[in-house]
$ cat entry.txt   # compact mmCIF, C-alpha atoms
# COMPACT_ATOMS: atom_id res chain seq x y z
CA MET A 1066 24.71 57.67 -16.62
CA GLY A 1067 27.70 55.33 -16.48
CA ALA A 1068 26.71 54.15 -13.01
CA THR A 1069 23.17 53.45 -14.22
CA ALA A 1070 24.53 51.47 -17.14
CA ILE A 1071 26.77 49.46 -14.80
CA TYR A 1072 23.84 48.83 -12.44
CA PHE A 1073 21.63 47.39 -15.18
CA THR A 1074 24.32 45.46 -17.05
CA PRO A 1075 24.61 41.93 -15.66
CA VAL A 1076 28.15 41.04 -14.63
CA VAL A 1077 27.41 37.34 -15.11
CA ASP A 1078 24.85 35.87 -17.47
CA GLN A 1079 24.47 32.12 -17.07
CA ALA A 1080 23.31 30.23 -20.16
CA ARG A 1081 19.95 28.54 -19.63
CA GLU A 1082 18.16 25.59 -21.12
CA ARG A 1083 14.43 25.09 -20.97
CA SER A 1084 13.44 22.86 -18.02
CA ILE A 1085 11.68 19.73 -19.27
CA ILE A 1086 9.28 18.97 -16.46
CA GLU A 1087 6.39 16.55 -16.43
CA VAL A 1088 3.62 16.99 -13.88
CA THR A 1089 2.58 13.65 -12.46
CA PRO A 1090 -0.82 13.06 -10.83
CA ASN A 1091 -0.39 13.46 -7.05
CA GLY A 1092 3.31 12.89 -7.51
CA GLY A 1093 4.91 16.29 -7.95
CA ASN A 1094 7.07 17.47 -10.83
CA ARG A 1095 9.16 14.85 -12.58
CA GLU A 1096 12.37 15.76 -14.38
CA VAL A 1097 14.84 13.30 -15.83
CA PHE A 1098 18.56 13.95 -16.07
CA HIS A 1099 21.27 11.64 -17.30
CA ALA A 1100 25.01 11.24 -17.79
CA ASN A 1101 26.23 9.43 -20.89
CA ILE A 1102 28.89 6.88 -20.04
CA PRO A 1103 31.77 7.07 -20.81
CA ASP A 1104 31.63 10.54 -22.45
CA ASP A 1105 30.23 12.51 -19.49
CA ARG A 1106 32.34 10.89 -16.80
CA ILE A 1107 34.86 13.49 -15.62
CA VAL A 1108 36.53 11.58 -12.79
CA VAL A 1109 36.58 8.14 -11.25
CA GLY A 1110 38.38 8.48 -7.95
CA ALA A 1111 39.18 5.14 -6.38
CA PRO A 1112 42.39 3.58 -5.08
CA ASN A 1113 44.61 1.30 -7.18
CA GLN A 1114 42.99 1.81 -10.57
CA ALA A 1115 44.80 0.22 -13.50
CA GLU A 1116 43.72 3.04 -15.82
CA PRO A 1117 42.86 6.16 -13.85
CA LEU A 1118 40.29 8.57 -15.25
CA PRO A 1119 41.35 11.16 -16.23
CA ARG A 1120 44.80 9.99 -17.28
CA GLY A 1121 47.37 11.46 -14.90
CA LEU A 1122 45.06 11.38 -11.89
CA GLU A 1123 47.00 10.52 -8.72
CA TRP A 1124 44.32 9.26 -6.37
CA PRO A 1125 45.54 8.67 -2.79
CA ASN A 1126 46.16 5.04 -1.89
CA ASP A 1127 45.70 5.83 1.80
CA ASP A 1128 43.83 3.13 3.74
CA LEU A 1129 41.40 5.85 4.79
CA PHE A 1130 40.00 5.98 1.24
CA ALA A 1131 40.14 2.23 0.57
CA ASN A 1132 36.36 1.80 0.53
CA THR A 1133 35.44 5.09 -1.10
CA ARG A 1134 34.66 5.82 -4.75
CA THR A 1135 34.18 9.41 -5.90
CA GLU A 1136 32.87 10.18 -9.36
CA LEU A 1137 32.12 13.41 -11.21
CA PHE A 1138 29.83 13.66 -14.21
CA LYS A 1139 28.38 16.17 -16.60
CA VAL A 1140 24.61 16.10 -16.32
CA ARG A 1141 22.28 16.35 -19.31
CA ASN A 1142 18.57 17.09 -19.62
CA ALA A 1143 16.05 15.02 -21.58
CA ASN A 1144 17.17 16.76 -24.79
CA ASP A 1145 20.70 15.44 -24.22
CA ILE A 1146 22.08 18.95 -23.54
CA VAL A 1147 24.57 19.47 -20.71
CA VAL A 1148 22.89 21.51 -17.97
CA GLY A 1149 25.20 20.94 -15.01
CA VAL A 1150 27.61 18.73 -13.13
CA ALA A 1151 27.21 16.14 -10.39
CA SER A 1152 29.25 14.14 -7.91
CA ARG A 1153 28.51 10.63 -6.70
CA ILE A 1154 30.20 9.30 -3.59
CA ALA A 1155 29.85 5.62 -2.76
CA ALA A 1156 31.43 4.10 0.33
CA SER A 1157 31.08 1.13 2.57
CA SER A 1158 31.44 1.63 6.29
CA SER A 1159 30.57 -0.18 9.49
CA GLU A 1160 27.08 1.33 9.16
CA GLY A 1161 26.63 -0.18 5.71
CA GLU A 1162 26.68 1.16 2.19
CA ILE A 1163 26.55 4.91 1.53
CA VAL A 1164 25.60 6.29 -1.88
CA GLU A 1165 25.09 10.03 -2.31
CA TRP A 1166 24.67 12.49 -5.15
CA THR A 1167 25.22 16.23 -5.30
CA PHE A 1168 24.01 17.90 -8.47
CA HIS A 1169 24.85 21.47 -9.45
CA LEU A 1170 22.92 23.22 -12.21
CA PRO A 1171 24.56 26.71 -12.42
CA ALA A 1172 21.49 28.59 -13.64
CA ARG A 1173 19.06 26.85 -11.26
CA GLY A 1174 20.63 25.57 -8.05
CA SER A 1175 21.99 22.46 -6.39
CA GLY A 1176 20.70 19.44 -4.54
CA TYR A 1177 22.02 16.80 -2.14
CA VAL A 1178 20.49 13.35 -2.52
CA LEU A 1179 20.88 10.44 -0.11
CA MET A 1180 20.25 7.10 -1.76
CA ARG A 1181 18.80 4.14 0.09
CA PRO A 1182 20.37 0.66 -0.16
CA ARG A 1183 19.34 -1.12 -3.33
CA VAL A 1184 16.58 -3.66 -2.88
CA ALA A 1185 17.65 -7.10 -4.12
CA GLY A 1186 16.35 -7.79 -7.61
CA GLN A 1187 15.52 -4.17 -8.38
CA PRO A 1188 17.46 -2.63 -11.29
CA PHE A 1189 17.32 0.82 -9.71
CA ARG A 1190 18.01 2.62 -6.45
CA THR A 1191 15.86 5.29 -4.85
CA GLY A 1192 16.74 8.12 -2.51
CA GLU A 1193 15.58 11.40 -1.06
CA LEU A 1194 16.48 15.03 -1.59
CA ARG A 1195 18.14 15.96 1.70
CA SER A 1196 18.87 19.62 0.93
CA GLY A 1197 18.67 22.05 -1.96
CA THR A 1198 19.67 25.56 -2.96
CA ARG A 1199 17.89 28.32 -4.89
CA GLU A 1200 15.28 26.63 -7.15
CA PHE A 1201 15.52 23.41 -5.14
CA GLU A 1202 15.57 25.07 -1.71
CA ASN A 1203 11.95 24.38 -0.80
CA PHE A 1204 11.68 21.04 -2.54
CA VAL A 1205 11.15 17.63 -1.02
CA GLY A 1206 10.94 14.42 -2.93
CA GLU A 1207 12.49 11.35 -4.37
CA VAL A 1208 15.26 10.58 -6.82
CA THR A 1209 15.70 7.30 -8.70
CA GLU A 1210 19.11 6.24 -10.02
CA ARG A 1211 19.08 3.73 -12.86
CA TRP A 1212 21.73 2.30 -15.15
CA VAL A 1213 20.49 2.11 -18.74
CA VAL A 1214 22.56 -0.26 -20.85
CA GLY A 1215 23.58 1.03 -24.26
CA GLU A 1216 23.33 -0.98 -27.44
CA GLN A 1217 25.79 -1.33 -30.27
CA GLY A 1218 24.83 -3.32 -33.34
CA GLY A 1219 21.85 -4.82 -31.56
CA GLU A 1220 23.96 -6.07 -28.65
CA GLU A 1221 24.48 -4.71 -25.16
CA SER A 1222 27.65 -2.64 -24.76
CA LEU A 1223 29.68 -1.30 -21.85
CA ALA A 1224 28.49 2.17 -22.75
CA GLY A 1225 25.18 3.42 -21.49
CA ARG A 1226 23.81 6.12 -19.28
CA ILE A 1227 23.10 6.80 -15.65
CA GLU A 1228 19.59 8.14 -15.37
CA LEU A 1229 18.51 10.32 -12.46
CA SER A 1230 14.78 10.75 -12.30
CA THR A 1231 13.67 13.41 -9.83
CA ARG A 1232 10.16 13.79 -8.45
CA PHE A 1233 9.90 16.91 -6.31
CA VAL A 1234 7.13 18.82 -4.57
CA ALA A 1235 7.59 22.39 -3.34
CA LEU A 1236 6.94 23.12 0.32
CA PHE A 1237 5.46 26.49 1.15
CA GLU A 1238 5.55 27.89 4.66
CA ASP A 1239 2.38 29.38 6.06
CA GLU A 1240 3.14 33.08 6.56
CA SER A 1241 0.13 33.74 8.80
CA MET B 686 37.28 71.73 -33.12
CA THR B 687 40.01 69.09 -32.81
CA ARG B 688 41.04 70.54 -29.45
CA GLN B 689 37.47 70.37 -28.19
CA ILE B 690 37.08 66.73 -29.25
CA LEU B 691 40.39 65.89 -27.62
CA ALA B 692 39.36 67.67 -24.43
CA LEU B 693 36.04 65.78 -24.43
CA ALA B 694 37.82 62.41 -24.91
CA VAL B 695 40.28 63.17 -22.11
CA GLY B 696 37.42 64.29 -19.87
CA ILE B 697 35.43 61.09 -20.54
CA LEU B 698 38.52 58.96 -19.93
CA PHE B 699 39.31 60.79 -16.71
CA GLY B 700 35.71 60.46 -15.58
CA LEU B 701 35.74 56.72 -16.28
CA VAL B 702 38.94 56.30 -14.26
CA ILE B 703 37.42 58.24 -11.33
CA VAL B 704 34.18 56.20 -11.49
CA ALA B 705 36.14 52.92 -11.65
CA ALA B 706 38.32 53.98 -8.69
CA VAL B 707 35.25 54.98 -6.63
CA PHE B 708 33.58 51.64 -7.34
CA PHE B 709 36.72 49.66 -6.65
CA TYR B 710 37.57 51.40 -3.38
CA ASN B 711 33.91 51.86 -2.44
CA PRO B 712 34.03 52.92 1.24
CA PHE B 713 30.48 51.69 1.82
CA VAL B 714 31.44 48.05 1.14
CA GLU B 715 31.89 46.35 4.48
CA LYS B 716 34.52 43.70 5.01
CA GLN B 717 33.76 40.86 7.36
CA ARG B 718 36.70 40.61 9.72
CA LEU B 719 35.59 38.02 12.25
CA SER B 720 33.69 34.83 11.65
CA PRO B 721 30.82 34.26 14.09
CA ILE B 722 32.02 30.64 14.32
CA ALA B 723 35.37 31.86 15.68
CA VAL B 724 33.64 32.88 18.91
CA THR B 725 31.21 29.98 19.28
CA ASP B 726 31.32 27.79 22.37
CA LYS B 727 30.14 24.77 20.38
CA GLU B 728 32.40 22.07 18.96
CA VAL B 729 33.79 23.01 15.54
CA VAL B 730 35.17 20.70 12.85
CA HIS B 731 38.07 22.31 10.95
CA LEU B 732 38.94 20.99 7.50
CA SER B 733 41.68 22.52 5.37
CA TYR B 734 42.81 22.13 1.77
CA SER B 735 45.20 23.72 -0.69
CA VAL B 736 43.49 26.17 -3.06
CA ALA B 737 46.25 25.87 -5.70
CA ALA B 738 44.90 23.97 -8.71
CA THR B 739 48.14 22.02 -9.02
CA ASP B 740 47.62 20.59 -5.51
CA ALA B 741 44.05 19.46 -6.18
CA LEU B 742 43.29 15.87 -7.14
CA ILE B 743 41.09 17.37 -9.84
CA TYR B 744 40.57 20.93 -10.99
CA THR B 745 38.53 21.63 -14.09
CA ASN B 746 36.93 24.65 -15.72
CA ASP B 747 36.16 25.84 -19.26
CA GLY B 748 39.80 25.34 -20.26
CA GLU B 749 40.17 28.97 -21.34
CA SER B 750 40.45 30.58 -17.92
CA ARG B 751 43.67 31.77 -16.30
CA VAL B 752 43.98 28.69 -14.10
CA SER B 753 44.68 25.56 -16.16
CA PRO B 754 42.82 22.30 -15.47
CA ASN B 755 44.70 19.65 -13.48
CA PRO B 756 45.57 16.98 -14.54
CA PRO B 757 45.80 18.40 -18.07
CA ARG B 758 43.73 15.56 -19.57
CA VAL B 759 40.70 16.10 -17.34
CA PRO B 760 37.50 16.77 -19.34
CA GLN B 761 36.72 20.48 -19.44
CA LEU B 762 33.44 22.25 -18.75
CA TRP B 763 33.19 24.02 -22.11
CA GLU B 764 29.43 23.69 -22.68
CA PRO B 765 27.56 27.05 -22.49
CA THR B 766 25.58 26.11 -19.35
CA VAL B 767 28.68 25.16 -17.35
CA ARG B 768 31.23 27.59 -18.82
CA HIS B 769 31.22 29.77 -15.69
CA THR B 770 31.65 26.75 -13.40
CA THR B 771 34.64 25.08 -11.82
CA ALA B 772 34.77 21.64 -10.23
CA THR B 773 37.47 20.56 -7.81
CA VAL B 774 38.20 17.45 -5.81
CA ASN B 775 40.51 17.91 -2.84
CA ILE B 776 41.85 15.95 0.07
CA LEU B 777 40.58 17.61 3.22
CA ASN B 778 42.93 17.63 6.21
CA ASP B 779 41.96 17.78 9.86
CA SER B 780 43.25 20.40 12.29
CA ARG B 781 46.46 18.36 12.75
CA GLY B 782 47.12 18.31 9.00
CA ARG B 783 46.26 14.64 8.55
CA PRO B 784 44.00 13.50 5.68
CA ALA B 785 40.43 13.31 6.95
CA GLY B 786 38.37 12.95 3.81
CA ILE B 787 37.47 13.96 0.30
CA GLY B 788 35.78 17.21 -0.68
CA VAL B 789 34.13 17.94 -4.01
CA LYS B 790 33.43 21.61 -4.68
CA PHE B 791 31.29 23.02 -7.48
CA SER B 792 31.44 26.82 -7.92
CA SER B 793 29.55 28.99 -10.38
CA GLU B 794 29.73 32.73 -10.88
CA SER B 795 26.55 34.28 -9.51
CA GLU B 796 24.18 36.47 -11.47
CA ASP B 797 23.67 38.49 -8.27
CA SER B 798 27.20 39.91 -8.58
CA SER B 799 27.19 43.70 -8.60
CA ILE B 800 30.10 46.09 -9.06
CA LEU B 801 28.14 48.93 -7.43
CA ASP B 802 27.58 46.91 -4.26
CA GLY B 803 31.06 45.39 -4.09
CA LYS B 804 29.78 41.87 -4.73
CA ALA B 805 31.86 39.43 -6.76
CA LEU B 806 29.64 36.48 -5.89
CA VAL B 807 30.02 32.78 -6.47
CA ASN B 808 27.42 30.12 -5.70
CA SER B 809 29.16 27.03 -4.42
CA VAL B 810 28.43 23.68 -2.83
CA TRP B 811 30.71 21.22 -1.08
CA HIS B 812 30.07 17.47 -1.07
CA ILE B 813 32.23 16.13 1.75
CA TYR B 814 32.90 12.58 2.86
CA LEU B 815 34.99 11.88 5.95
CA PRO B 816 35.40 8.08 6.07
CA GLU B 817 35.61 7.87 9.84
CA ARG B 818 32.81 10.35 10.55
CA GLY B 819 30.24 10.64 7.77
CA SER B 820 29.12 12.93 4.97
CA LEU B 821 28.03 16.55 4.63
CA PHE B 822 26.64 19.00 2.11
CA MET B 823 27.61 22.64 2.47
CA GLN B 824 26.01 25.42 0.43
CA GLN B 825 27.20 28.97 0.37
CA THR B 826 27.39 32.26 -1.48
CA GLU B 827 30.99 33.45 -1.60
CA ASN B 828 32.08 37.05 -2.05
CA TYR B 829 35.51 37.49 -3.64
CA TRP B 830 35.45 41.31 -3.68
CA SER B 831 38.09 41.73 -0.95
CA TYR B 832 40.17 38.97 -2.50
CA ILE B 833 40.16 40.78 -5.87
CA GLN B 834 40.91 44.13 -4.20
CA ASP B 835 43.70 42.90 -1.96
CA ILE B 836 45.36 40.15 -4.04
CA VAL B 837 44.31 39.89 -7.68
CA PHE B 838 44.41 43.61 -8.55
CA PRO B 839 47.80 44.23 -6.84
CA ALA B 840 49.18 41.16 -8.67
CA TYR B 841 48.14 42.66 -12.03
CA ARG B 842 49.63 46.04 -11.04
CA SER B 843 52.98 44.61 -9.93
CA ALA B 844 55.88 44.52 -12.37
CA GLY B 845 56.41 40.81 -11.76
CA ASP B 846 52.72 39.95 -12.27
CA ASN B 847 52.50 38.41 -8.83
CA TRP B 848 51.48 39.10 -5.25
CA ARG B 849 53.13 37.95 -2.03
CA GLY B 850 52.05 38.63 1.51
CA ASN B 851 49.84 37.37 4.31
CA TRP B 852 46.13 37.71 3.73
CA ILE B 853 43.30 36.06 5.58
CA GLY B 854 39.73 36.62 4.47
CA ILE B 855 36.28 35.20 5.02
CA ILE B 856 34.76 34.40 1.65
CA THR B 857 31.45 32.96 2.90
CA ALA B 858 28.72 35.60 2.60
CA GLY B 859 25.54 33.64 3.21
CA PRO B 860 22.89 32.47 2.64
CA GLY B 861 22.50 31.78 6.38
CA PRO B 862 22.17 34.31 9.18
CA LEU B 863 25.31 36.35 10.02
CA GLY B 864 26.63 35.53 6.55
CA LEU B 865 27.20 31.85 7.33
CA ALA B 866 26.91 28.85 5.03
CA TRP B 867 24.28 26.19 5.54
CA VAL B 868 25.30 22.60 6.17
CA ALA B 869 23.15 19.47 5.91
CA GLY B 870 24.44 16.21 7.34
CA GLY B 871 24.09 13.03 5.32
CA SER B 872 25.47 10.01 7.12
CA GLY B 873 27.44 8.79 10.14
CA ASP B 874 27.93 11.30 12.96
CA PHE B 875 26.30 13.99 10.83
CA THR B 876 23.04 12.20 10.05
CA ASP B 877 20.07 14.63 10.07
CA MET B 878 22.32 17.46 11.31
CA ASP B 879 21.53 21.00 10.15
CA THR B 880 24.13 23.57 11.06
CA SER B 881 26.32 26.48 9.91
CA ALA B 882 29.82 26.83 8.52
CA VAL B 883 32.28 29.34 7.15
CA GLU B 884 35.09 29.16 4.61
CA VAL B 885 38.23 31.23 5.12
CA LEU B 886 41.15 31.70 2.72
CA SER B 887 44.74 32.25 3.88
CA ALA B 888 46.85 33.51 1.00
CA LYS B 889 50.62 33.87 0.74
CA ALA B 890 51.29 33.96 -3.01
CA TYR B 891 49.34 34.58 -6.21
CA THR B 892 50.50 34.93 -9.80
CA VAL B 893 48.63 36.32 -12.78
CA LYS B 894 49.67 33.31 -14.86
CA GLN B 895 48.71 30.52 -12.43
CA GLY B 896 46.25 32.10 -10.02
CA PRO B 897 46.60 30.98 -6.37
CA VAL B 898 50.05 29.48 -5.74
CA ALA B 899 50.33 29.32 -1.95
CA MET B 900 46.84 29.53 -0.54
CA THR B 901 44.93 27.45 2.00
CA GLY B 902 41.19 27.17 2.44
CA GLU B 903 39.65 26.23 5.75
CA LEU B 904 36.11 25.08 6.39
CA SER B 905 34.89 25.55 9.96
CA ILE B 906 31.71 23.58 10.58
CA GLU B 907 29.86 24.15 13.82
CA LEU B 908 28.51 20.99 15.43
CA PRO B 909 25.21 21.27 17.26
CA PRO B 910 25.39 20.17 20.89
CA VAL B 911 24.62 16.50 21.42
CA ALA B 912 21.24 16.09 23.11
CA VAL B 913 21.62 14.23 26.39
CA SER B 914 18.44 12.56 27.55
CA ALA B 915 17.66 12.84 31.26
CA THR B 916 17.48 9.50 32.98
CA GLU B 917 16.31 8.70 36.46
CA GLN B 918 19.02 8.16 39.02
CA PRO B 919 18.99 4.62 40.39
CA GLN B 920 17.65 4.51 43.92
$ encode --input "entry.txt" --output "structure tokens"
Amino acid sequence: MGATAIYFTPVVDQARERSIIEVTPNGGNREVFHANIPDDRIVVGAPNQAEPLPRGLEWPNDDLFANTRTELFKVRNANDIVVGVASRIAASSSEGEIVEWTFHLPARGSGYVLMRPRVAGQPFRTGELRSGTREFENFVGEVTERWVVGEQGGEESLAGRIELSTRFVALFEDES
Amino acid sequence: MTRQILALAVGILFGLVIVAAVFFYNPFVEKQRLSPIAVTDKEVVHLSYSVAATDALIYTNDGESRVSPNPPRVPQLWEPTVRHTTATVNILNDSRGRPAGIGVKFSSESEDSSILDGKALVNSVWHIYLPERGSLFMQQTENYWSYIQDIVFPAYRSAGDNWRGNWIGIITAGPGPLGLAWVAGGSGDFTDMDTSAVEVLSAKAYTVKQGPVAMTGELSIELPPVAVSATEQPQ
């Protein structure tokens, strides 16, 4: 009886939030996530910062990392509830600019997004889902990264949010 | 009557101890001793890092776990949806011990964990950037059952609340074939690459208070052979 109880009692029970998904005509499922800045920024890893975030961070000043910026965020859904975490790595190399995201939603899965270079004059950047796990494993599609400026007293402020708008379609393999 | 109740209580307690011992030392739980990547004839990239939270650039969790966040002022993952998650940022060293890049690891306790099957599972992903080579994404299911059996439990049982020794264990347990992790290349040398990897822990010291103290993690990433196009020999 004890063994049966152990078998049916979950060892881990991840908290879940309702997915807020919008179905777009011929465009897959759209879901918008965001990170409120500065509150949801966990880390800004870059060399020679005057005020490191978090305080006490000792980021390496090695030349190897001179052109690399690593950031970690909490990720929220459209209801402004934290649903996961994400990393953003931006670097410049001989091949050009690299901007990548990895998002991790514990109850759903993770995704790896490669952003394309920003087109001049466009206030956003687009990219593609390169790989995904669990819920995102069979997905293909596009992600748009956009900086939304916050307002304070009717004026623009340094605060704001990074918006990640995903548009994914599931791929199904033919089993025949 | 009192004697009978006492006998019943002792019997239940004894039974629980026996059941717990059988589950914990379950002889049907297999331990993976050799990584398939250890015997590959393909090129392998080895990246190592210190597992100790105090050696990480960043280590954060819910703030109430045994291992304390580092640095202490780092925001904690206290929200219900991320409470069972840890995030770390580490310097990754190459096989000669020189810094090779940055690795971000997100790990969450898995709902597929099962005491009966000897599965203490964690879903994790690595976001890796090696400035001179390119970027990678590694996804894996880790099984910490052997680690708990061989290190954590003995540390709790010891009078000094610690464990010392030499322990090497493969923690990657899928989702790929042969229990390997999946890797997707992002940029540089790894662009469009799809391959396998494994993560191995080498432990020397663990304390109940701090968690891993002297412990190294190593990622071994198999590189697919470079396709060489056949060209006509000049006449």
$ closest_atom_pairs --input "entry.txt" --of "chain B" --to "chain A" --cutoff "7 Å" --atoms "only C-alpha atoms" --output "CSV"
residue,atom,partner,partner_atom,distance
B:Leu742,CA,A:Glu1123,CA,6.7
B:Pro756,CA,A:Gly1121,CA,5.8
B:Arg758,CA,A:Pro1119,CA,6.0
B:Val759,CA,A:Pro1119,CA,5.1
B:Pro760,CA,A:Ile1107,CA,5.6
B:Glu764,CA,A:Val1147,CA,6.7
B:Pro765,CA,A:Ala1080,CA,5.8
B:Thr766,CA,A:Ala1080,CA,4.8
B:Val767,CA,A:Gly1149,CA,5.9
B:Phe791,CA,A:His1169,CA,6.9
B:Ser793,CA,A:Pro1171,CA,5.9
B:Glu794,CA,A:Val1077,CA,6.7
B:Ser795,CA,A:Val1077,CA,6.4
B:Glu796,CA,A:Val1077,CA,4.9
B:Ser798,CA,A:Val1076,CA,6.2
B:Ser799,CA,A:Val1076,CA,6.7
B:Leu801,CA,A:Tyr1072,CA,6.6
B:His812,CA,A:Thr1167,CA,6.6
B:Pro816,CA,A:Leu1129,CA,6.5
B:Phe822,CA,A:Tyr1177,CA,6.7
B:Ala869,CA,A:Ser1196,CA,6.6
B:Gly871,CA,A:Leu1179,CA,6.8
$ closest_residue --input "entry.txt" --among "B:Leu904, B:Leu691, B:Leu698, B:Ile776" --to "B:Leu865" --atoms "all atoms listed in the file"
B:Leu904
$ residues_near_point --input "entry.txt" --point "(30.9, 32.4, 14.2)" --cutoff "10 Å" --atoms "all atoms listed in the file" --output "list in words"
Leu719, Ser720, Pro721, Ile722, Ala723, Val724, Thr725, Asp726, Lys727, Val729, Leu863, Gly864, Leu865, Ser881, Ala882, Val883, Ser905, Ile906 and Glu907 of chain B
$ atom_distance --input "entry.txt" --atom1 "atom CA of B:Asp797" --atom2 "atom CA of A:Glu1096"
26.1 Å
$ closest_residue --input "entry.txt" --among "B:Tyr734, B:Tyr744, B:Phe699, B:Trp867" --to "B:Gln825" --atoms "only C-alpha atoms"
B:Trp867
$ axis_aligned_box --input "entry.txt" --around "stretch 860-866 of chain B" --padding-each-side "4 Å" --output "lines of an AutoDock Vina configuration file"
center_x = 24.7
center_y = 32.6
center_z = 6.3
size_x = 13.0
size_y = 15.5
size_z = 15.4
$ atom_distance --input "entry.txt" --atom1 "atom CA of A:Thr1209" --atom2 "atom CA of A:Arg1173"
20.0 Å
$ closest_residue --input "entry.txt" --among "B:Gly819, B:Gly902, B:Pro897, B:Pro860" --to "B:Ala737" --atoms "only C-alpha atoms"
B:Pro897
$ closest_residue --input "entry.txt" --among "B:Asn808, B:Leu886, B:Gly873, B:Ala772" --to "B:Ala741" --atoms "all atoms listed in the file"
B:Ala772
$ atom_distance --input "entry.txt" --atom1 "atom CA of B:Ser831" --atom2 "atom CA of B:Ala858"
11.7 Å
